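Single-structure report; data block below.
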Amino acid sequence: MKRPLRVYAILYLGFLYAPIALLPVFAFNDGTVIAFPLRGFTWDWFRQLAEIPALHAAVLNSLKIAVISAILATCLGVLAARAATRFAFPGKKGIMGLIMLPLVLPEIIVAVSLLVVLLQLGLSLGAWTVIMGHVLIATPFAIAILNSAFQGLDRSLEEAAVDLGETKWSSFRLVTLPLVMPGIISSLLIAFTISLDEFIIAFFLTGTEPTLPVYLWGQMRFPQRLPVIMALGTILVLASVLLLAIAEYARRRGAARTGQKDAGGFL
Amino acid sequence: MNDGNRGPGFGRSEAAQGYLLVATPLAYALLLLAVPLGAILLFSFWSQDYLTIDTTLTLKNYREALSDPLYRQLLLRSLMISAAVTMATVLAAFPIAYYVSFYVAPERKAMWIFLITIPFWTSYLIRVFLWKVILGYNGVFNTTLLGLGIIDEPLTFILYNANAVVITLAHAYAPFAILPIFVALEKIDRSLHEASRDLGEGYLSTFWRVTLPLAMPGVVAAVLIVFIPTIGDYVTPVLVGGPDGRMIANMIQTQFLRLNNAPMGAALAVLTMAMVTVVALVFVFLNRRYLRGRE
């Protein structure tokens, strides 16, 4: 059974990567139509990217939103994961269930429900409303990552620090925090990636300043913009692969530091 | 990070410390999730009266959603498309998870999982858009087949219909299905297989009677993880679905942002959540019964 399964696995990976593999092919293709045969090599589409102010504004807006969302989601994640792994309290299951709920809610529901409340309160839409939504959906991912970081901790290390005269807070800062730091970094990166890539919530809650996916969405209607989108996509894919490689490296170092067996994967 | 600050609360009970920590994330979830969901539910019982909202409670929206063929068809189609996507994704994912869990050397498993998850983390919008480029009339797939002389005219049944939506979503959610099944397979005690083989079971019957039942919780998790987000997907139906591939999320968006009929949109959102909940409960219940039946 090993051989046919292996062939299937490789074909399946091909299916997974096929669309992404096309990105660089057409990003460097000297023709406005996205079809084979290829016409020749060009840097033109990348050069055009540098000359679109609206795109640059969208990228900056998205980066700002993603950085703030990642920090907030990770802070909330640390609090919740610490509470869930270290302390027992009545109603824990229900409380954690509510906090993790966005994981199993279609995103459009999160988007419209936030929109309704914001409009009813008469608040104007903008970057900060998108941040509110992104923190909501990124926090469960942060908690999932940080839970495993906190679970791997040996509680006796903290107790030893307290016995040796540290306060609870300073033992947390000096002992616990360094041990879960790889988890925190990995959570920051994942939350950043989620926010950067998120479309539906941003589409509903962004005001007049679009995020990058919302800008991209607007461009997809114009056939002549296709090659430029391909060039932009190539850059985005490279950037997220790089971020993920760093996140994975941090996670593995964390797993090694707390002496866990490597289970693989973020989820 | 208010983890037991020094002050008088130093000796606080365990429960109090837990509450103190969880208070902020809980408050956030209550304010930005529970309250808005409650608001949607309330809205769905109001009605739009031209420019103003009539706040007398009524079931009008639900009656309309369930009797108007347009809404009914959209709800039903969303359910069918997500069911098809879920089935295709989980069936295609199982052999991969099985291969990585049982045949890949332990030190290389993490690399395989990493390879499988990478495409999932790259821009969702771009991935969906690329399927439009691949499946289109003048797309990569058609031009390649034409160029090779396999077909005489472009295939039209692969874009702007429900098929395209299913293919695209099955691709987008593949890692979501592989990971839980993989985790369930990893937990299986390998000696059970040897025992089964020693007792004279063949390869297939071992799979059928030992591996598959033990992997069931992972399969159920995969079904739910794929089904829930796909039923509310907005991007894919717009980009590759065409008029026959529209789903409920598109109508929800139209009601809120174009027709300015928030109560109707809210009712459709509530119905979507209800469908998701019913399907989730059915699967969880089946899984429980299945597990109990085996004891």
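If you're wondering about the labels, chains in the structure tokens are A, B, ... by order shown, residues count from 1 in each chain, ligands from 1 in order shown.
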
Residues at most 12 Å from range 52-69 of chain A, counting only C-alpha atoms, excluding those fewer than 5 positions away in the same chain, as a ChimeraX atom specification?
/A:45-47,74-77,126-139,142,187-199,202,206-219,225,228-229,232,236

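Once Leu244 in chain A and its same-chain neighbours fewer than 4 positions away are set aside, Ser186, Leu189, Ile190, Thr193, Ala239, Ser240, Glu248 and Tyr249 of chain A; Ile118 and Trp121 of chain B remain within 9 Å of it when counting only C-alpha atoms.
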
Residues near range 101-113 of chain B, cut-off 9 Å, only C-alpha atoms, skip fewer than 3 positions along chain, as a VMD selection string
(chain A and resid 2 5 to 6 262 to 265) or (chain B and resid 96 to 98 116 to 118 175 178 to 179 182 to 183 185 to 186)

Would you mind listing what lies within 7 Å of Ile181 in chain B as a VMD selection string, with only C-alpha atoms counted and same-chain residues fewer than 4 positions away left out?
chain B and resid 94 97 177 185 215 218 to 219 222

Any chance you can output those residues with C-alpha atoms as a JSON list (two decimals), in the first residue's frame?
```json
[["chain", "number", "residue", "atom", "x", "y", "z"],
["B", 94, "PHE", "CA", -7.91, 10.94, 4.46],
["B", 97, "ALA", "CA", -3.23, 11.95, 6.55],
["B", 177, "ALA", "CA", -9.32, 18.42, 6.82],
["B", 185, "LEU", "CA", -4.37, 8.69, 13.35],
["B", 215, "ALA", "CA", -9.85, 7.76, 13.38],
["B", 218, "GLY", "CA", -10.67, 13.18, 13.61],
["B", 219, "VAL", "CA", -12.94, 12.68, 10.62],
["B", 222, "ALA", "CA", -12.51, 17.58, 9.81]]
```

Quick one: residues within 10 Å of range 233-246 of chain B, only C-alpha atoms, excluding same-chain residues fewer than 3 positions away - as a PyMOL selection string?
(chain A and resi 106-108+199-200+217+220-221) or (chain B and resi 74+77-78+81-82+124-125+127-133+135-136+158-169+172+228-230+249-253)

Convert the current residue selection to file output with C-alpha atoms, as an mmCIF file, in the first residue's frame.
```
data_model
loop_
_atom_site.group_PDB
_atom_site.id
_atom_site.type_symbol
_atom_site.label_atom_id
_atom_site.label_comp_id
_atom_site.auth_asym_id
_atom_site.auth_seq_id
_atom_site.Cartn_x
_atom_site.Cartn_y
_atom_site.Cartn_z
ATOM 1 C CA PRO A 106 -18.613 31.782 9.453
ATOM 2 C CA GLU A 107 -16.667 35.040 9.134
ATOM 3 C CA ILE A 108 -19.513 36.818 7.357
ATOM 4 C CA PHE A 199 -10.893 39.946 3.570
ATOM 5 C CA ILE A 200 -14.540 39.701 4.595
ATOM 6 C CA TRP A 217 -10.637 42.822 -4.571
ATOM 7 C CA MET A 220 -9.786 42.011 -9.753
ATOM 8 C CA ARG A 221 -12.627 43.394 -11.870
ATOM 9 C CA LEU B 74 -29.918 30.103 -1.853
ATOM 10 C CA ARG B 77 -27.772 25.569 -2.437
ATOM 11 C CA SER B 78 -25.324 26.801 0.207
ATOM 12 C CA ILE B 81 -22.389 23.102 -1.971
ATOM 13 C CA SER B 82 -20.825 22.966 1.478
ATOM 14 C CA TYR B 124 -6.876 33.395 0.354
ATOM 15 C CA LEU B 125 -8.135 35.994 -2.100
ATOM 16 C CA ARG B 127 -5.665 31.577 -4.299
ATOM 17 C CA VAL B 128 -9.357 31.772 -5.164
ATOM 18 C CA PHE B 129 -8.607 34.267 -7.903
ATOM 19 C CA LEU B 130 -5.988 31.891 -9.354
ATOM 20 C CA TRP B 131 -8.641 29.207 -9.765
ATOM 21 C CA LYS B 132 -10.588 31.646 -11.892
ATOM 22 C CA VAL B 133 -7.455 32.116 -13.978
ATOM 23 C CA LEU B 135 -10.577 27.348 -14.967
ATOM 24 C CA GLY B 136 -11.624 30.298 -17.163
ATOM 25 C CA ILE B 158 -15.742 24.264 -15.234
ATOM 26 C CA LEU B 159 -16.196 27.980 -14.542
ATOM 27 C CA TYR B 160 -19.045 30.158 -13.292
ATOM 28 C CA ASN B 161 -21.066 27.363 -11.765
ATOM 29 C CA ALA B 162 -21.317 25.278 -8.617
ATOM 30 C CA ASN B 163 -18.599 22.836 -9.833
ATOM 31 C CA ALA B 164 -16.026 25.606 -9.834
ATOM 32 C CA VAL B 165 -17.065 26.654 -6.333
ATOM 33 C CA VAL B 166 -16.657 23.070 -5.092
ATOM 34 C CA ILE B 167 -13.202 22.636 -6.680
ATOM 35 C CA THR B 168 -11.952 25.965 -5.380
ATOM 36 C CA LEU B 169 -13.231 25.492 -1.839
ATOM 37 C CA ALA B 172 -8.815 26.146 0.001
ATOM 38 C CA ILE B 228 -18.738 25.604 8.942
ATOM 39 C CA PRO B 229 -16.654 28.223 7.143
ATOM 40 C CA THR B 230 -17.567 27.064 3.622
ATOM 41 C CA ALA B 249 -23.281 35.002 2.154
ATOM 42 C CA ASN B 250 -23.649 36.955 -1.096
ATOM 43 C CA MET B 251 -27.306 37.573 -0.332
ATOM 44 C CA ILE B 252 -26.524 38.604 3.258
ATOM 45 C CA GLN B 253 -24.026 41.134 1.930
#
```

Compile the contact shell of range 91-93 of chain A as a PyMOL selection string: residues with an atom at most 12 Å away, counting only C-alpha atoms, same-chain residues fewer than 4 positions apart removed.
(chain A and resi 80-81+83-87+97-101) or (chain B and resi 15-16+18-19+21-23+26)

I need the residues from that last selection saved to file as a short mmCIF file (atom, residue, chain, number, x, y, z; two decimals), in the first residue's frame (with N, CA and C atoms), if you can.
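Listed below is the output, part08.cif:
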```cif
data_model
loop_
_atom_site.label_atom_id
_atom_site.label_comp_id
_atom_site.auth_asym_id
_atom_site.auth_seq_id
_atom_site.Cartn_x
_atom_site.Cartn_y
_atom_site.Cartn_z
N ALA A 80 -5.75 34.48 28.43
CA ALA A 80 -6.70 33.37 28.40
C ALA A 80 -5.98 32.03 28.51
N ALA A 81 -4.86 31.88 27.80
CA ALA A 81 -4.15 30.60 27.81
C ALA A 81 -3.57 30.33 29.20
N ALA A 83 -4.79 31.47 32.05
CA ALA A 83 -5.91 31.13 32.92
C ALA A 83 -6.35 29.69 32.67
N ALA A 84 -6.41 29.30 31.39
CA ALA A 84 -6.95 27.98 31.04
C ALA A 84 -6.00 26.86 31.45
N THR A 85 -4.69 27.11 31.38
CA THR A 85 -3.75 26.01 31.65
C THR A 85 -3.32 25.95 33.10
N ARG A 86 -3.39 27.06 33.83
CA ARG A 86 -2.79 27.09 35.16
C ARG A 86 -3.85 27.01 36.27
N PHE A 87 -5.04 27.57 36.01
CA PHE A 87 -6.02 27.68 37.09
C PHE A 87 -7.30 26.92 36.78
N GLY A 97 -15.15 28.51 25.78
CA GLY A 97 -15.96 28.22 24.59
C GLY A 97 -16.37 29.50 23.88
N LEU A 98 -16.82 30.49 24.65
CA LEU A 98 -17.24 31.76 24.06
C LEU A 98 -16.06 32.46 23.39
N ILE A 99 -14.91 32.46 24.07
CA ILE A 99 -13.75 33.15 23.52
C ILE A 99 -13.26 32.46 22.23
N MET A 100 -13.39 31.11 22.20
CA MET A 100 -12.93 30.36 21.02
C MET A 100 -13.98 30.31 19.91
N LEU A 101 -15.19 30.80 20.20
CA LEU A 101 -16.31 30.67 19.25
C LEU A 101 -16.02 31.18 17.83
N ALA B 15 -9.45 29.96 41.96
CA ALA B 15 -10.53 30.39 41.08
C ALA B 15 -10.47 31.90 40.83
N ALA B 16 -10.22 32.67 41.90
CA ALA B 16 -10.18 34.13 41.76
C ALA B 16 -9.05 34.54 40.82
N GLY B 18 -7.80 32.76 38.43
CA GLY B 18 -8.22 32.38 37.08
C GLY B 18 -9.16 33.41 36.49
N TYR B 19 -10.16 33.84 37.28
CA TYR B 19 -11.12 34.83 36.79
C TYR B 19 -10.44 36.14 36.46
N LEU B 21 -7.46 36.64 35.44
CA LEU B 21 -6.73 36.53 34.18
C LEU B 21 -7.67 36.53 32.99
N VAL B 22 -8.76 35.76 33.11
CA VAL B 22 -9.61 35.55 31.95
C VAL B 22 -10.57 36.72 31.75
N ALA B 23 -10.63 37.64 32.74
CA ALA B 23 -11.62 38.72 32.67
C ALA B 23 -11.51 39.55 31.40
N LEU B 26 -12.47 37.68 28.22
CA LEU B 26 -13.91 37.39 28.30
C LEU B 26 -14.71 38.66 28.01
#
```

Quick one: pick out all alpha helix (DSSP H) residues within range 8-56 of chain A from a backbone DSSP run and write them as an NGL selection string.
:A and (8-27 or 44-49 or 53-56)

Find the residues of range 62-123 of chain B that sit at most 10 Å from range 268-278 of chain B; for each, write down the nearest two atoms and how far apart they are in Å, to one decimal. Count only C-alpha atoms. Sort by chain, then by number going up, and give it as CSV.
```
residue,atom,partner,partner_atom,distance
B:Tyr62,CA,B:Leu268,CA,7.9
B:Ala65,CA,B:Leu268,CA,7.0
B:Leu66,CA,B:Leu271,CA,9.4
B:Tyr71,CA,B:Leu268,CA,8.3
B:Leu75,CA,B:Thr272,CA,7.5
B:Leu76,CA,B:Met275,CA,9.9
B:Ser78,CA,B:Thr272,CA,9.1
B:Leu79,CA,B:Met275,CA,8.1
```

Counting only C-alpha atoms, the residue among A:Pro182, A:Pro227, A:Pro24, A:Gly233 that lies closest to chain B is A:Gly233

Using only C-alpha atoms, which of the listed residues (A:Met181, A:Ile71, A:Ala231, A:Leu105) sits closest to chain B?
A:Leu105

Between B:Leu115, B:Ile231, B:Leu224, B:Ala280, which is the closest to Val241 in chain A once you count only C-alpha atoms?
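Of B:Leu115, B:Ile231, B:Leu224, B:Ala280, the one nearest Val241 in chain A, counting only C-alpha atoms, is B:Leu115.
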
Choose the residue, out of B:Pro217, B:Gly149, B:Pro119, B:Pro263, that has the smallest atom-to-atom separation from chain A; count only C-alpha atoms.
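For chain A, the nearest of the candidates is B:Pro119.
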